[in-house]
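Enquirer: Sharing a structure, written as structure tokens. Questions coming.
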Amino acid sequence: MSQRLTELACYGLAGHTDQPRDLLAEARLAEELGLGSVFLSERFNLKDAGVLAGAVAAATEHVGIATAATNHNTRHPLVTATLATTAHRLSGGRYALGLGRGFGALFDVMGLPRVTGAQLEDAIGIYRSLWRGEAVLGHEGPAGSYPYLSQDGSFDERIPVLMTAIGPRSLALAGRLADGVVLHTFLTDEALARSVAAIRSAAEEAGRDPASVRVWAVLATVEDSLPEDLRLRKLVGRLATYLQGYGDVLVAANGWDPAVLDRFRTDPLVQGYPGAFDAIGTVEELTHLRDDVLPAEWLAASATGSAEQCAARVLEQLALGADSVVLHGATPAELAPVLTAYAAVRDDATFAGLPANPGWMS
């Protein structure tokens, strides 16, 4: 595909992997198919954010690259700032640093402080000072105490910061601070529109141009040509895994019935389940969750059906206010039919000036 779909992205190594080298072929194919960006999540096993960003930068020439997300508290701020400047220059300016709150319980067992909004704001301020070539002297703030931090006095790096957000406080913080915002998978249409409005409102209250913040919807995309076991894993398994980890937050964001979440948690299959459903769930287990536990309307917050139906859902996300859409949970090869269908109905003029870097609107 010669057409560059700058408003669309995929995740590299979507879900679990034991072969990070697969990212090289995925990134090349994403570029070949016309995807605008490759997003990279981080896991503490075989998915280091910096290494993966470097791999995509080396394997491609045009796609944007986003870490979405890493956490500021797992690295010293000078190390994170250096990760970003290295990926920025290595990629020719295609890199965006994405940050999120992460999981409090995981940080507890790791011996790390839980992430707060004040810490994120403080850390982002440190990064931006360093990227401007400024030294950080005698810093005392929520992100820590740092007598002296410096990268290079000649720096004047234009590196965007993305923030992942789902709850109202995170959305407001992202609107005030971030260059781009990455929303959550399985948001209803109403929740997506509400989230976009909250981000724009917070940006305006902070004296920023609301239209300057690039908002990414994240749409679970499960096209019909995939085998049934994969469709179950990518849709039912993924939603169930989110409900395992932070169901209260997702249910609140969507205005869903908490009693249904309680029913999910007390189901005999879910109680004491030994892992993530999207990693180890069997066809029988996932079918049970789909048919007997999870409401169809919860699973409908996604793109399913034919390639044309999935493409139509992408258009709906854009119509609801998102600037761009991450097609989540599918590899570039799996997305190929959807991209072809979407390109046929895309309004090319709307996205003519959209930058390759996923953190910028202009």
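Ligands are numbered from 1 in the order shown, chains are lettered A, B, ... in the order of the structure tokens, and residues start at 1 in each chain.
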Applying 12 Å and only C-alpha atoms, which residues near Leu232 in chain A remain after dropping the ones on its own chain fewer than 3 positions away? List them as a tab-separated table (two decimals) with C-alpha atoms, in the first residue's frame.
Expert:
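Output (part.tsv):
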```tsv
chain	number	residue	atom	x	y	z
A	220	ALA	CA	-9.76	-3.86	19.83
A	221	THR	CA	-9.89	-5.04	16.21
A	222	VAL	CA	-10.83	-8.65	15.59
A	223	GLU	CA	-11.72	-9.32	11.96
A	224	ASP	CA	-13.76	-12.34	10.89
A	226	LEU	CA	-9.10	-14.91	11.98
A	227	PRO	CA	-9.55	-18.42	13.41
A	228	GLU	CA	-12.14	-18.69	16.16
A	229	ASP	CA	-9.62	-19.45	18.88
A	235	LEU	CA	-11.67	-10.20	22.28
A	236	VAL	CA	-13.02	-12.18	25.22
A	237	GLY	CA	-9.61	-13.02	26.63
A	238	ARG	CA	-8.37	-9.45	26.43
A	239	LEU	CA	-11.45	-7.91	28.06
A	240	ALA	CA	-11.44	-10.57	30.78
A	277	PHE	CA	-7.08	-15.10	30.23
A	278	ASP	CA	-5.58	-13.63	27.05
A	279	ALA	CA	-2.42	-15.67	27.65
A	280	ILE	CA	-3.61	-19.08	28.84
A	281	GLY	CA	-7.39	-19.16	28.41
A	282	THR	CA	-8.66	-22.20	26.51
A	283	VAL	CA	-11.39	-22.11	23.88
A	284	GLU	CA	-13.78	-23.76	26.34
A	285	GLU	CA	-12.98	-21.26	29.11
A	286	LEU	CA	-13.27	-18.23	26.86
A	287	THR	CA	-16.49	-19.52	25.33
A	288	HIS	CA	-17.93	-19.86	28.84
A	289	LEU	CA	-17.01	-16.25	29.63
A	290	ARG	CA	-18.53	-15.04	26.36
A	291	ASP	CA	-21.76	-17.00	26.60
A	299	LEU	CA	-17.71	-7.02	24.15
A	304	THR	CA	-15.55	-7.06	14.83
A	329	GLY	CA	-4.54	-6.67	19.68
```
Enquirer: Name all residues at most 12 Å from Ser150 in chain A (count only C-alpha atoms; drop same-chain ones fewer than 3 positions away) and give them as a count of residues only.
Expert: 24
Enquirer: Using only C-alpha atoms, find the one residue out of A:Arg200, A:Arg208, A:His16, A:Arg43 that sits nearest to Ala330 in chain A.
Expert: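 So, comparing all the options, the nearest one is A:His16.
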Enquirer: Quick one: everything within 12 Å of Ala344 in chain A, counting only C-alpha atoms, minus sequence neighbours fewer than 3 positions away in the same chain. Send it as JSON, numbers by chain.
Expert: {"A": [1, 3, 5, 307, 308, 311, 312, 315, 337, 338, 339, 340, 341, 347, 348]}
Enquirer: Near range 247-249 of chain A, within 8 Å and counting only C-alpha atoms, which residues show up once chain neighbours fewer than 3 positions away are dropped, as a list of chain:residue names?
Expert: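 Counting only C-alpha atoms, the residues come to A:Ile166, A:Gly167, A:Tyr242, A:Leu243, A:Gln244, A:Ala252, A:Ala253, A:Pro258, A:Leu261.
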Enquirer: Do you have the CA of Thr6 in chain A-CA of Leu97 in chain A distance handy?
Expert: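 These atoms are spaced 17.6 Å apart.
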Enquirer: Using only C-alpha atoms, which residues sit within 10 Å of Leu183 in chain A once same-chain residues fewer than 2 positions away are excluded, as a PyMOL selection string?
Expert: chain A and resi 163-167+171+180-181+185-187+192+195-196+215-219+322+325-326
Enquirer: Using only C-alpha atoms, which protein or nucleic acid residues come within 8 Å of Ala59 in chain A? Drop anything in the same chain fewer than 6 positions from it, and give the result as a list in words.
Expert: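 The contact residues come out as Leu24, Ala27 and Arg28 of chain A.
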Enquirer: Quick one: DSSP alpha helix (DSSP H) residues in range 111-266 of chain A, as a PyMOL selection string?
Expert: chain A and resi 117-131+168-177+189-205+228-232+238-254+258-266
Enquirer: Of the candidates A:Phe44, A:His184, A:Glu297, A:Leu354, which one gets nearest to Leu106 in chain A if we count only C-alpha atoms?
Expert: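 The answer is A:Phe44, which sits nearest to Leu106 in chain A.
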Enquirer: In Å, how far is it from CA of Leu35 in chain A to CA of Ala55 in chain A?
Expert: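 These atoms are spaced 16.8 Å apart.
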Enquirer: Can I get the residues of range 152-176 of chain A within 10 Å of range 116-124 of chain A, each with the closest pair of atoms and their distance in Å to one decimal, using only C-alpha atoms, sorted chain first then ascending number, as a Markdown table?
Expert:
```
| residue | atom | partner | partner_atom | distance |
| --- | --- | --- | --- | --- |
| A:Val161 | CA | A:Ile124 | CA | 7.9 |
| A:Met163 | CA | A:Leu120 | CA | 9.4 |
| A:Arg169 | CA | A:Gly117 | CA | 8.1 |
| A:Ser170 | CA | A:Gly117 | CA | 7.3 |
| A:Leu173 | CA | A:Gly117 | CA | 7.1 |
| A:Ala174 | CA | A:Glu121 | CA | 9.3 |
| A:Arg176 | CA | A:Glu121 | CA | 9.5 |
```
Enquirer: Could you write out that same residue set with N, CA and C atoms as an mmCIF file, in the first residue's frame?
Expert:
```
data_model
loop_
_atom_site.group_PDB
_atom_site.id
_atom_site.type_symbol
_atom_site.label_atom_id
_atom_site.label_comp_id
_atom_site.auth_asym_id
_atom_site.auth_seq_id
_atom_site.Cartn_x
_atom_site.Cartn_y
_atom_site.Cartn_z
ATOM 1 N N VAL A 161 5.452 14.064 24.536
ATOM 2 C CA VAL A 161 5.110 13.166 25.636
ATOM 3 C C VAL A 161 3.654 12.739 25.477
ATOM 4 N N MET A 163 0.528 10.466 27.214
ATOM 5 C CA MET A 163 0.083 9.909 28.485
ATOM 6 C C MET A 163 -1.081 8.974 28.235
ATOM 7 N N ARG A 169 -9.325 12.010 36.637
ATOM 8 C CA ARG A 169 -8.143 12.771 37.040
ATOM 9 C C ARG A 169 -6.999 12.601 36.059
ATOM 10 N N SER A 170 -6.816 11.380 35.565
ATOM 11 C CA SER A 170 -5.761 11.149 34.580
ATOM 12 C C SER A 170 -6.054 11.866 33.272
ATOM 13 N N LEU A 173 -5.284 15.543 33.841
ATOM 14 C CA LEU A 173 -3.836 15.751 33.904
ATOM 15 C C LEU A 173 -3.230 15.688 32.514
ATOM 16 N N ALA A 174 -3.652 14.699 31.734
ATOM 17 C CA ALA A 174 -3.120 14.552 30.385
ATOM 18 C C ALA A 174 -3.488 15.756 29.525
ATOM 19 N N ARG A 176 -3.863 18.784 30.513
ATOM 20 C CA ARG A 176 -3.044 19.921 30.933
ATOM 21 C C ARG A 176 -1.598 19.805 30.462
#
```
Enquirer: If you run DSSP on this backbone, which residues of range 83-112 of chain A come out as strand (DSSP E), and could you give them as a list in words?
Expert: Tyr95, Ala96, Leu97, Gly98 and Leu99 of chain A
Enquirer: Emit the selected residues as a compact mmCIF listing (two decimals), in the first residue's frame, including all heavy atoms.
Expert:
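The result, written out as selection.txt:
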```txt
# COMPACT_ATOMS: atom_id res chain seq x y z
N TYR A 95 9.86 9.50 17.25
CA TYR A 95 9.59 8.84 18.53
C TYR A 95 8.81 9.74 19.48
O TYR A 95 9.07 10.94 19.61
CB TYR A 95 10.91 8.45 19.19
CG TYR A 95 10.74 7.84 20.57
CD1 TYR A 95 10.26 6.54 20.71
CD2 TYR A 95 11.02 8.57 21.72
CE1 TYR A 95 10.08 5.98 21.96
CE2 TYR A 95 10.85 8.01 22.98
CZ TYR A 95 10.38 6.72 23.09
OH TYR A 95 10.20 6.16 24.33
N ALA A 96 7.85 9.13 20.20
CA ALA A 96 7.11 9.79 21.27
C ALA A 96 7.23 8.95 22.53
O ALA A 96 7.02 7.73 22.50
CB ALA A 96 5.64 9.95 20.89
N LEU A 97 7.54 9.59 23.64
CA LEU A 97 7.65 8.91 24.94
C LEU A 97 6.28 8.87 25.60
O LEU A 97 5.68 9.92 25.86
CB LEU A 97 8.63 9.65 25.85
CG LEU A 97 8.72 9.13 27.29
CD1 LEU A 97 9.29 7.73 27.33
CD2 LEU A 97 9.54 10.08 28.16
N GLY A 98 5.78 7.68 25.84
CA GLY A 98 4.49 7.51 26.49
C GLY A 98 4.64 7.06 27.92
O GLY A 98 5.40 6.13 28.22
N LEU A 99 3.91 7.70 28.82
CA LEU A 99 3.96 7.40 30.24
C LEU A 99 2.57 7.06 30.77
O LEU A 99 1.57 7.56 30.26
CB LEU A 99 4.50 8.61 31.02
CG LEU A 99 5.91 9.08 30.66
CD1 LEU A 99 6.19 10.41 31.33
CD2 LEU A 99 6.95 8.04 31.08
```
Enquirer: Grab the CA of Glu334 in chain A to CA of Glu26 in chain A distance for me, in Å with one decimal place.
Expert: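 CA of Glu26 in chain A lies 10.6 Å from CA of Glu334 in chain A.
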